[in-house]
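Visitor: Compact mmCIF, C-alpha atoms and all ligand atoms, saved as entry_22.txt, coming up:
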# COMPACT_ATOMS: atom_id res chain seq x y z
CA MET A 1 0.00 0.00 0.00
CA ILE A 2 1.17 3.54 -0.70
CA TYR A 3 0.94 5.92 2.28
CA THR A 4 1.33 9.66 1.93
CA CYS A 5 2.18 11.85 4.89
CA THR A 6 1.45 15.57 5.04
CA LEU A 7 2.66 17.17 8.27
CA ASN A 8 1.13 20.53 7.36
CA PRO A 9 -1.97 20.08 5.15
CA SER A 10 -3.85 23.10 3.87
CA VAL A 11 -7.07 24.33 2.43
CA ASP A 12 -5.91 25.96 -0.79
CA TYR A 13 -7.93 29.12 -1.49
CA ILE A 14 -7.46 30.07 -5.13
CA VAL A 15 -8.33 33.71 -5.83
CA GLU A 16 -8.27 35.30 -9.26
CA VAL A 17 -8.07 39.09 -9.49
CA GLU A 18 -7.81 40.91 -12.80
CA HIS A 19 -5.21 43.59 -11.95
CA PHE A 20 -4.14 43.09 -8.36
CA ARG A 21 -3.30 46.34 -6.57
CA VAL A 22 -1.42 46.28 -3.27
CA GLY A 23 -3.02 48.41 -0.56
CA GLU A 24 -6.42 48.71 -2.34
CA LEU A 25 -9.73 46.83 -2.32
CA ASN A 26 -9.51 44.13 -4.99
CA ARG A 27 -12.59 42.19 -6.14
CA ALA A 28 -12.05 38.55 -7.05
CA THR A 29 -13.27 37.44 -10.48
CA LYS A 30 -13.10 33.76 -9.51
CA THR A 31 -12.46 31.73 -6.35
CA ALA A 32 -12.09 28.03 -5.61
CA ILE A 33 -11.25 25.90 -2.58
CA PHE A 34 -9.34 22.61 -2.67
CA PRO A 35 -7.97 20.23 -0.07
CA GLY A 36 -4.21 20.75 -0.26
CA GLY A 37 -0.78 20.04 1.06
CA LYS A 38 1.76 18.11 -0.96
CA GLY A 39 1.07 14.58 0.33
CA ILE A 40 -2.68 15.10 0.06
CA ASN A 41 -2.22 16.17 -3.57
CA VAL A 42 -0.17 13.02 -4.19
CA SER A 43 -2.99 10.94 -2.63
CA ARG A 44 -5.64 12.62 -4.75
CA VAL A 45 -3.72 12.13 -7.99
CA LEU A 46 -2.82 8.53 -7.15
CA LYS A 47 -6.51 7.80 -6.61
CA ARG A 48 -7.43 9.48 -9.90
CA LEU A 49 -4.83 7.28 -11.61
CA GLY A 50 -6.43 4.19 -10.08
CA VAL A 51 -4.03 3.59 -7.17
CA ASP A 52 -5.57 3.10 -3.72
CA ASN A 53 -3.60 4.75 -0.93
CA THR A 54 -3.88 6.10 2.59
CA ALA A 55 -3.26 9.71 3.64
CA PHE A 56 -1.50 10.33 6.96
CA GLY A 57 -0.85 13.69 8.57
CA PHE A 58 -2.14 16.18 11.14
CA ILE A 59 -5.46 17.94 10.68
CA GLY A 60 -7.63 20.06 12.93
CA GLY A 61 -10.62 22.39 13.17
CA PHE A 62 -13.18 23.32 10.50
CA THR A 63 -10.54 23.39 7.77
CA GLY A 64 -9.38 19.91 8.77
CA GLN A 65 -12.99 18.70 8.57
CA PHE A 66 -13.26 20.12 5.05
CA ILE A 67 -10.18 18.15 3.97
CA GLU A 68 -11.49 14.93 5.49
CA SER A 69 -14.88 15.28 3.87
CA GLU A 70 -13.40 16.10 0.45
CA LEU A 71 -11.11 13.06 0.62
CA LYS A 72 -14.07 10.93 1.65
CA LYS A 73 -16.02 12.11 -1.42
CA GLU A 74 -13.07 11.00 -3.55
CA GLU A 75 -12.99 7.65 -1.72
CA ILE A 76 -9.45 8.21 -0.43
CA HIS A 77 -8.67 6.44 2.81
CA ALA A 78 -7.59 9.04 5.40
CA ASP A 79 -5.99 8.21 8.73
CA PHE A 80 -5.13 11.62 10.16
CA VAL A 81 -4.05 12.52 13.68
CA LYS A 82 -6.47 15.16 15.00
CA VAL A 83 -4.83 18.23 16.50
CA ASN A 84 -6.25 21.14 18.49
CA GLY A 85 -5.80 24.11 16.16
CA ASP A 86 -7.20 24.77 12.68
CA THR A 87 -5.45 23.37 9.61
CA ARG A 88 -3.97 26.35 7.70
CA ILE A 89 -5.49 28.14 4.71
CA ASN A 90 -3.01 28.83 1.90
CA ILE A 91 -3.78 31.66 -0.48
CA LYS A 92 -2.96 31.20 -4.16
CA LEU A 93 -3.45 34.57 -5.84
CA LYS A 94 -3.65 34.63 -9.62
CA SER A 95 -3.30 37.95 -11.31
CA GLY A 96 -1.19 37.37 -14.38
CA GLU A 97 1.45 35.73 -12.22
CA GLU A 98 0.81 33.29 -9.35
CA THR A 99 1.55 34.58 -5.84
CA GLU A 100 1.31 32.23 -2.86
CA ILE A 101 0.88 32.94 0.84
CA ASN A 102 1.19 29.75 2.86
CA GLY A 103 0.09 29.72 6.50
CA GLN A 104 2.18 28.41 9.39
CA GLY A 105 -0.24 25.70 10.47
CA PRO A 106 -1.45 24.74 13.95
CA ALA A 107 0.78 23.85 16.90
CA ILE A 108 1.26 20.07 17.13
CA LEU A 109 1.59 18.67 20.66
CA SER A 110 4.25 16.04 21.31
CA GLU A 111 1.59 13.41 22.09
CA HIS A 112 0.17 13.96 18.58
CA GLN A 113 3.64 13.73 17.07
CA ASP A 114 4.09 10.36 18.84
CA GLU A 115 0.70 9.18 17.54
CA LEU A 116 1.79 9.81 13.96
CA MET A 117 5.20 8.23 14.53
CA ASN A 118 3.43 5.07 15.80
CA LYS A 119 1.49 4.83 12.54
CA ILE A 120 4.76 5.07 10.58
CA GLN A 121 6.32 2.42 12.82
CA ALA A 122 3.46 0.04 12.03
CA LEU A 123 4.12 0.06 8.25
CA SER A 124 5.65 -3.01 6.68
CA GLN A 125 8.18 -3.93 3.99
CA GLU A 126 5.67 -3.96 1.12
CA ASP A 127 4.64 -0.36 1.87
CA ILE A 128 5.79 2.87 0.25
CA LEU A 129 5.80 6.09 2.23
CA VAL A 130 5.60 9.49 0.50
CA LEU A 131 6.76 12.31 2.77
CA ALA A 132 5.74 15.60 1.25
CA GLY A 133 5.53 19.26 2.18
CA SER A 134 6.94 21.55 4.83
CA ILE A 135 7.38 20.85 8.53
CA PRO A 136 5.14 23.04 10.73
CA PRO A 137 7.13 25.33 13.07
CA SER A 138 6.06 23.50 16.25
CA ILE A 139 7.56 20.18 15.09
CA PRO A 140 11.27 19.44 15.61
CA ALA A 141 13.28 20.11 12.47
CA ASP A 142 14.55 16.52 12.42
CA PHE A 143 11.06 14.96 12.55
CA TYR A 144 11.25 13.82 8.92
CA ASN A 145 14.68 12.45 9.64
CA GLN A 146 13.27 10.30 12.45
CA MET A 147 10.43 9.10 10.21
CA VAL A 148 12.79 8.09 7.41
CA ALA A 149 15.20 6.37 9.77
CA THR A 150 12.32 4.30 11.21
CA SER A 151 10.94 3.51 7.75
CA LYS A 152 14.31 2.48 6.34
CA ARG A 153 14.89 0.17 9.34
CA ASN A 154 11.59 -1.52 8.49
CA GLY A 155 12.51 -1.89 4.80
CA ILE A 156 9.97 0.65 3.54
CA LYS A 157 10.61 2.56 0.29
CA VAL A 158 10.57 6.30 1.01
CA VAL A 159 9.71 9.04 -1.48
CA VAL A 160 10.51 12.64 -0.69
CA ASP A 161 8.96 15.87 -1.94
CA THR A 162 9.87 18.79 0.26
CA SER A 163 12.20 21.80 0.17
CA GLY A 164 14.69 23.67 2.33
CA PRO A 165 16.82 22.08 5.07
CA ALA A 166 14.38 19.13 5.44
CA LEU A 167 15.26 17.98 1.92
CA LYS A 168 18.98 17.78 2.71
CA GLN A 169 18.37 15.46 5.68
CA PHE A 170 16.89 12.82 3.40
CA ILE A 171 19.87 12.13 1.19
CA GLN A 172 21.76 10.12 3.81
CA HIS A 173 18.80 7.70 4.05
CA HIS A 174 18.97 6.79 0.34
CA PRO A 175 15.32 7.40 -0.56
CA PHE A 176 13.65 5.56 -3.45
CA LEU A 177 12.65 8.81 -5.19
CA MET A 178 13.33 12.52 -4.80
CA LYS A 179 11.77 15.22 -6.99
CA PRO A 180 13.39 18.62 -6.50
CA ASN A 181 12.72 21.35 -9.04
CA HIS A 182 15.89 22.92 -10.44
CA HIS A 183 15.90 25.71 -7.79
CA GLU A 184 15.61 23.15 -4.97
CA LEU A 185 18.43 21.13 -6.56
CA GLY A 186 20.63 24.24 -6.35
CA GLU A 187 19.63 24.79 -2.69
CA LEU A 188 20.63 21.22 -1.88
CA PHE A 189 24.18 21.90 -2.97
CA ASP A 190 24.26 25.58 -1.91
CA THR A 191 24.79 26.62 -5.51
CA GLU A 192 23.03 28.49 -8.31
CA ILE A 193 21.89 26.23 -11.16
CA SER A 194 22.36 28.16 -14.37
CA SER A 195 22.46 25.57 -17.16
CA LYS A 196 21.27 22.09 -18.16
CA ASN A 197 24.84 20.87 -17.62
CA ASP A 198 24.60 22.04 -13.99
CA ILE A 199 21.36 20.06 -13.61
CA ILE A 200 23.01 16.97 -15.06
CA SER A 201 26.04 17.13 -12.79
CA TYR A 202 24.15 17.94 -9.56
CA GLY A 203 21.24 15.62 -10.37
CA TYR A 204 23.66 12.73 -10.88
CA LYS A 205 25.49 13.70 -7.70
CA LEU A 206 22.29 12.85 -5.79
CA VAL A 207 22.43 9.36 -7.29
CA GLU A 208 26.09 9.04 -6.30
CA LEU A 209 25.09 10.04 -2.78
CA GLY A 210 22.66 7.11 -2.71
CA VAL A 211 19.25 8.41 -3.90
CA GLU A 212 17.81 5.61 -6.09
CA ASN A 213 15.78 7.70 -8.53
CA VAL A 214 15.84 11.48 -9.02
CA ILE A 215 13.51 13.65 -11.08
CA VAL A 216 14.50 17.29 -11.54
CA SER A 217 11.62 19.34 -12.91
CA MET A 218 11.97 22.62 -14.79
CA ALA A 219 8.33 23.69 -15.22
CA GLY A 220 7.60 24.23 -18.97
CA ASP A 221 11.21 23.44 -19.92
CA GLY A 222 10.88 19.70 -19.29
CA ALA A 223 12.54 17.45 -16.74
CA PHE A 224 15.55 15.21 -16.15
CA PHE A 225 15.59 11.72 -14.65
CA PHE A 226 18.62 10.10 -13.02
CA ASN A 227 19.37 6.67 -11.56
CA LYS A 228 22.46 4.41 -11.47
CA GLY A 229 22.02 3.25 -15.05
CA LYS A 230 20.19 6.10 -16.80
CA ILE A 231 20.01 9.81 -17.43
CA LEU A 232 16.89 10.83 -19.36
CA PHE A 233 15.42 14.11 -20.52
CA ALA A 234 11.71 14.67 -21.20
CA THR A 235 10.07 17.57 -22.98
CA ALA A 236 7.02 19.15 -21.34
CA PRO A 237 3.84 19.41 -23.45
CA LYS A 238 2.80 22.88 -24.61
CA GLY A 239 -0.44 24.31 -23.29
CA ILE A 240 -2.11 27.04 -21.29
CA VAL A 241 -1.18 26.96 -17.62
CA LYS A 242 -4.34 27.33 -15.55
CA ASN A 243 -3.05 26.38 -12.11
CA SER A 244 0.41 25.05 -11.43
CA VAL A 245 -0.35 24.34 -7.74
CA GLY A 246 0.26 20.63 -7.25
CA ALA A 247 2.02 20.09 -10.60
CA GLY A 248 5.16 18.82 -8.84
CA ASP A 249 3.08 16.58 -6.57
CA SER A 250 1.29 15.17 -9.62
CA MET A 251 4.69 14.20 -11.07
CA VAL A 252 5.43 12.15 -7.95
CA ALA A 253 2.03 10.45 -8.12
CA GLY A 254 2.34 9.86 -11.88
CA PHE A 255 5.76 8.25 -11.49
CA LEU A 256 4.64 5.96 -8.66
CA ALA A 257 1.38 4.95 -10.37
CA ALA A 258 3.13 4.02 -13.62
CA TYR A 259 6.21 2.45 -12.01
CA PHE A 260 4.25 0.14 -9.75
CA ASN A 261 2.00 -0.91 -12.63
CA GLU A 262 4.73 -1.64 -15.17
CA GLN A 263 8.14 -1.43 -13.45
CA ASP A 264 9.44 0.50 -16.48
CA ILE A 265 11.46 3.57 -15.51
CA GLU A 266 11.23 5.30 -18.87
CA LYS A 267 7.45 4.95 -19.07
CA ALA A 268 7.10 6.02 -15.43
CA PHE A 269 9.15 9.17 -16.11
CA GLN A 270 7.07 9.96 -19.20
CA TYR A 271 3.85 9.45 -17.21
CA SER A 272 5.21 11.65 -14.44
CA VAL A 273 5.84 14.61 -16.75
CA ALA A 274 2.45 14.12 -18.45
CA ALA A 275 0.77 14.16 -15.01
CA GLY A 276 2.64 17.36 -13.99
CA SER A 277 1.60 19.14 -17.17
CA ALA A 278 -1.96 17.78 -17.03
CA THR A 279 -2.30 19.42 -13.61
CA ALA A 280 -0.66 22.67 -14.79
CA PHE A 281 -3.25 22.80 -17.60
CA SER A 282 -6.24 22.12 -15.26
CA GLU A 283 -8.10 24.17 -12.63
CA ASP A 284 -7.73 21.38 -10.05
CA LEU A 285 -5.40 18.38 -10.13
CA CYS A 286 -5.11 16.24 -13.28
CA THR A 287 -7.48 13.48 -14.33
CA LYS A 288 -6.34 10.16 -15.79
CA ASP A 289 -7.86 11.05 -19.19
CA LYS A 290 -5.97 14.34 -19.35
CA VAL A 291 -2.68 12.63 -18.41
CA GLU A 292 -3.13 9.99 -21.11
CA GLN A 293 -4.07 12.63 -23.70
CA LEU A 294 -0.71 14.37 -23.10
CA LEU A 295 1.49 11.24 -22.99
CA SER A 296 2.44 11.28 -26.67
CA GLU A 297 3.61 14.91 -26.34
CA VAL A 298 6.22 13.96 -23.76
CA LYS A 299 9.32 12.92 -25.70
CA VAL A 300 11.85 11.03 -23.61
CA THR A 301 15.47 10.82 -24.79
CA GLN A 302 18.68 9.35 -23.32
CA VAL A 303 21.24 11.97 -22.32
N1 LIG A 401 4.41 26.06 -18.21
C1 LIG A 401 4.30 24.74 -18.20
N2 LIG A 401 4.05 24.05 -19.32
C2 LIG A 401 3.98 22.69 -19.32
N3 LIG A 401 4.12 21.95 -18.22
C3 LIG A 401 4.35 22.58 -17.04
C4 LIG A 401 4.46 24.00 -16.96
N4 LIG A 401 4.70 24.34 -15.66
C5 LIG A 401 4.74 23.17 -14.98
N5 LIG A 401 4.55 22.13 -15.80
C6 LIG A 401 4.54 20.69 -15.47
O1 LIG A 401 4.61 20.54 -14.07
C7 LIG A 401 5.82 19.86 -13.70
C8 LIG A 401 6.32 20.41 -12.37
O2 LIG A 401 6.58 21.80 -12.49
P1 LIG A 401 7.72 22.54 -11.65
O3 LIG A 401 9.04 22.24 -12.23
O4 LIG A 401 7.28 23.96 -11.58
O5 LIG A 401 7.65 21.77 -10.25
P2 LIG A 401 7.37 22.30 -8.79
O6 LIG A 401 8.11 23.59 -8.58
O7 LIG A 401 7.63 21.17 -7.88
O8 LIG A 401 5.83 22.54 -8.93
P3 LIG A 401 4.77 23.10 -7.86
O9 LIG A 401 5.55 23.53 -6.63
O10 LIG A 401 4.10 24.21 -8.61
O11 LIG A 401 3.87 21.94 -7.61
C9 LIG A 401 6.77 20.04 -14.89
O12 LIG A 401 7.73 19.02 -14.99
C10 LIG A 401 5.77 20.00 -16.05
O13 LIG A 401 5.42 18.66 -16.35
O1 LIG A 402 4.02 24.99 2.64
P1 LIG A 402 4.38 23.71 1.92
O2 LIG A 402 4.04 22.50 2.73
O3 LIG A 402 5.78 23.71 1.39
O4 LIG A 402 3.49 23.68 0.59
C1 LIG A 402 2.09 23.62 0.67
C2 LIG A 402 1.49 23.82 -0.70
O5 LIG A 402 1.85 25.07 -1.27
O6 LIG A 402 1.97 22.80 -1.56
C3 LIG A 402 0.94 22.26 -2.38
C4 LIG A 402 1.35 22.32 -3.81
O7 LIG A 402 2.53 21.60 -4.04
C5 LIG A 402 -0.30 23.09 -2.06
O8 LIG A 402 -1.45 22.28 -2.11
C6 LIG A 402 -0.03 23.66 -0.70
O9 LIG A 402 -0.71 24.86 -0.45
I need this file expressed as structure tokens, please.

Guide:
Amino acid sequence: MIYTCTLNPSVDYIVEVEHFRVGELNRATKTAIFPGGKGINVSRVLKRLGVDNTAFGFIGGFTGQFIESELKKEEIHADFVKVNGDTRINIKLKSGEETEINGQGPAILSEHQDELMNKIQALSQEDILVLAGSIPPSIPADFYNQMVATSKRNGIKVVVDTSGPALKQFIQHHPFLMKPNHHELGELFDTEISSKNDIISYGYKLVELGVENVIVSMAGDGAFFFNKGKILFATAPKGIVKNSVGAGDSMVAGFLAAYFNEQDIEKAFQYSVAAGSATAFSEDLCTKDKVEQLLSEVKVTQV
């Protein structure tokens, strides 16, 4: 079974404003609300691609209830730890460009942290754990580290989709899959990535450091894949970007769904990029039909 874990889920409030003006009253032309947080997005896309999974994480308050009820409607199994405060609301403002304001999230008591850790401890060798998103401020910075160490001891494959210092901690545990975008790849090595050659050398460095599979995404410019035997490049399909929130998470879900169906790395990478773009071209996350429509536009070549 695939488990996703979102330490800091969110209700994503998408607001469109024609010409946003700072310091003035702006009227929205369109709004939408989605259950969010990186692991929850992975769960939703996996389900849409036909893969049953369970969502772990912390939720609380009326916003937490919204997330639970939306996941229930989509028949996604949720096993959240309930916390005292309200799950955060993240604002995604679209006015030509996309501007994001992500909340801090509720305080998580240590007893709730232990409750989640116990769920992770109970997973078994056949399971895959996707750890995705930021760590809320009230949780120790090495919480992910502890989760991965426990999972690796129990033979669980770990997939990582986060940013900042948390991402660095993962490398030593040799995760099954990491998906930094090219900026995050630069942050990992405290360097500025300025060319495709930089991506190739730093992406492969992650493999040399023990990460099994690495996808480095570059939004509309395509993506690279690295493992011990292969370096691949994929083009991204052309289209109108409607909402790129969750595009990276959709890549993770697309890769896992295809890989565990067919065990073919090249096809899984192609499916991953198609899923990322299908989400970028949709209001909400991608659907299976949209992903499959875009597949032939993703050209994968050996580097
Ligand atoms: N302009 C675009 N045109 C086509 N595909 C896109 C575009 N922007 C994003 N995508 C798709 O989404 C994938 C992920 O995008 P990106 O590299 O921005 O990742 P990310 O920063 O992790 O995304 P996010 O944080 O927005 O979820 C890309 O590999 C591509 O498939
Ligand atoms: O604050 P974090 O945890 O880094 O990111 C949270 C978030 O921006 O990521 C998802 C898109 O990837 C959104 O659903 C959500 O609002």

Visitor: If you count all atoms listed in the file, which residues end up within 10 Å of ligand LIG 402 (chain A), as a PyMOL selection string?

Guide: chain A and resi 6-14+34-42+88-92+100-105+132-136+161-164+244-250+285

Visitor: Can you work out the spacing between atom CA of Ser194 of chain A and atom O11 of ligand LIG 401 (chain A) in Å, to one decimal?

Guide: 20.6 Å

Visitor: Just the number, please: distance in Å from atom CA of Val211 of chain A to atom CA of Asn118 of chain A, one decimal.

Guide: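 A separation of 25.5 Å between them.
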
Visitor: What is the atom O6 of ligand LIG 401 (chain A) to atom CA of Val241 of chain A distance in Å?

Guide: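 Taking atom O6 of ligand LIG 401 (chain A) as the start and atom CA of Val241 of chain A as the end point, the length is 13.4 Å.
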
Visitor: What residues have any atom no more than 8 Å from ligand LIG 401 (chain A) when counting all atoms listed in the file, and can you list them as a PyMOL selection string?

Guide: chain A and resi 38+179-182+216-223+236-241+244-251+272-281

Visitor: Take the residues just selected and output them with C-alpha atoms as a short mmCIF file (atom, residue, chain, number, x, y, z; two decimals), in the frame of the given file.

Guide:
data_model
loop_
_atom_site.label_atom_id
_atom_site.label_comp_id
_atom_site.auth_asym_id
_atom_site.auth_seq_id
_atom_site.Cartn_x
_atom_site.Cartn_y
_atom_site.Cartn_z
CA LYS A 38 1.76 18.11 -0.96
CA LYS A 179 11.77 15.22 -6.99
CA PRO A 180 13.39 18.62 -6.50
CA ASN A 181 12.72 21.35 -9.04
CA HIS A 182 15.89 22.92 -10.44
CA VAL A 216 14.50 17.29 -11.54
CA SER A 217 11.62 19.34 -12.91
CA MET A 218 11.97 22.62 -14.79
CA ALA A 219 8.33 23.69 -15.22
CA GLY A 220 7.60 24.23 -18.97
CA ASP A 221 11.21 23.44 -19.92
CA GLY A 222 10.88 19.70 -19.29
CA ALA A 223 12.54 17.45 -16.74
CA ALA A 236 7.02 19.15 -21.34
CA PRO A 237 3.84 19.41 -23.45
CA LYS A 238 2.80 22.88 -24.61
CA GLY A 239 -0.44 24.31 -23.29
CA ILE A 240 -2.11 27.04 -21.29
CA VAL A 241 -1.18 26.96 -17.62
CA SER A 244 0.41 25.05 -11.43
CA VAL A 245 -0.35 24.34 -7.74
CA GLY A 246 0.26 20.63 -7.25
CA ALA A 247 2.02 20.09 -10.60
CA GLY A 248 5.16 18.82 -8.84
CA ASP A 249 3.08 16.58 -6.57
CA SER A 250 1.29 15.17 -9.62
CA MET A 251 4.69 14.20 -11.07
CA SER A 272 5.21 11.65 -14.44
CA VAL A 273 5.84 14.61 -16.75
CA ALA A 274 2.45 14.12 -18.45
CA ALA A 275 0.77 14.16 -15.01
CA GLY A 276 2.64 17.36 -13.99
CA SER A 277 1.60 19.14 -17.17
CA ALA A 278 -1.96 17.78 -17.03
CA THR A 279 -2.30 19.42 -13.61
CA ALA A 280 -0.66 22.67 -14.79
CA PHE A 281 -3.25 22.80 -17.60
#

Visitor: I'd like the neighbourhood of segment 176-178 of chain A as a list in words, where a residue qualifies if any of its atoms comes within 9 Å (using only C-alpha atoms), though same-chain residues fewer than 5 positions away should be ignored.

Guide: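 So the residues in contact are Lys157, Val158, Val159, Val160, Asp161, Thr162, Leu167, Phe170, Ile171, Val211, Glu212, Asn213, Val214, Ile215, Val216 and Val252 of chain A.
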
Visitor: Report as a Markdown table the residues of segment 54-112 of chain A within 7 Å of segment 15-25 of chain A, each with its shortest atom pair and distance in Å (one decimal), using only C-alpha atoms, ordered by chain and increasing residue number.

Guide:
| residue | atom | partner | partner_atom | distance |
| --- | --- | --- | --- | --- |
| A:Lys92 | CA | A:Val15 | CA | 6.2 |
| A:Leu93 | CA | A:Val15 | CA | 5.0 |
| A:Lys94 | CA | A:Glu16 | CA | 4.7 |
| A:Ser95 | CA | A:Val17 | CA | 5.2 |

Visitor: Compile the contact shell of Glu266 of chain A as a compact mmCIF listing (two decimals) with C-alpha atoms, keeping the file's coordinate frame: residues with an atom at most 12 Å away, counting all atoms listed in the file, same-chain residues fewer than 6 positions apart removed.

Guide:
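Final output, result_13.txt:
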# COMPACT_ATOMS: atom_id res chain seq x y z
CA ASN A 213 15.78 7.70 -8.53
CA ILE A 215 13.51 13.65 -11.08
CA PHE A 224 15.55 15.21 -16.15
CA PHE A 225 15.59 11.72 -14.65
CA PHE A 226 18.62 10.10 -13.02
CA ASN A 227 19.37 6.67 -11.56
CA GLY A 229 22.02 3.25 -15.05
CA LYS A 230 20.19 6.10 -16.80
CA ILE A 231 20.01 9.81 -17.43
CA LEU A 232 16.89 10.83 -19.36
CA PHE A 233 15.42 14.11 -20.52
CA ALA A 234 11.71 14.67 -21.20
CA PHE A 255 5.76 8.25 -11.49
CA ALA A 258 3.13 4.02 -13.62
CA TYR A 259 6.21 2.45 -12.01
CA SER A 272 5.21 11.65 -14.44
CA VAL A 273 5.84 14.61 -16.75
CA VAL A 298 6.22 13.96 -23.76
CA LYS A 299 9.32 12.92 -25.70
CA VAL A 300 11.85 11.03 -23.61
CA THR A 301 15.47 10.82 -24.79
CA GLN A 302 18.68 9.35 -23.32

Visitor: Contacts of Ile193 of chain A at 9 Å or less, counting all atoms listed in the file, minus same-chain residues fewer than 5 places along, as a list of chain:residue names?

Guide: A:His182, A:His183, A:Leu185, A:Gly186, A:Glu187, A:Asp198, A:Ile199, A:Tyr202

Visitor: Which residue out of A:Asp127, A:Glu75, A:Glu262, A:Asp142 has the minimum interatomic distance to Asn154 of chain A when all atoms listed in the file are used?

Guide: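 Using all atoms listed in the file, Asn154 of chain A sits closest to A:Asp127.
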
Visitor: Please put the answer as lines of an AutoDock Vina configuration file: centre and edge lengths, in Å with one decimal, of a box along x, y and z that encloses all listed atoms of segment 187-200 of chain A plus 4 Å on each side.

Guide:
center_x = 22.2
center_y = 22.7
center_z = -10.0
size_x = 13.2
size_y = 19.5
size_z = 24.3

Visitor: So, with all atoms listed in the file as the atoms that count, which of A:Lys82, A:Thr87, A:Val130, A:Glu74 lies closest to Glu111 of chain A?

Guide: A:Lys82

Visitor: Pick from A:Pro140, A:Gly203, A:Gly64, A:Pro175: nearest to Val81 of chain A, with all atoms listed in the file counted?

Guide: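 Ranking A:Pro140, A:Gly203, A:Gly64, A:Pro175 by distance to Val81 of chain A, first place goes to A:Gly64.
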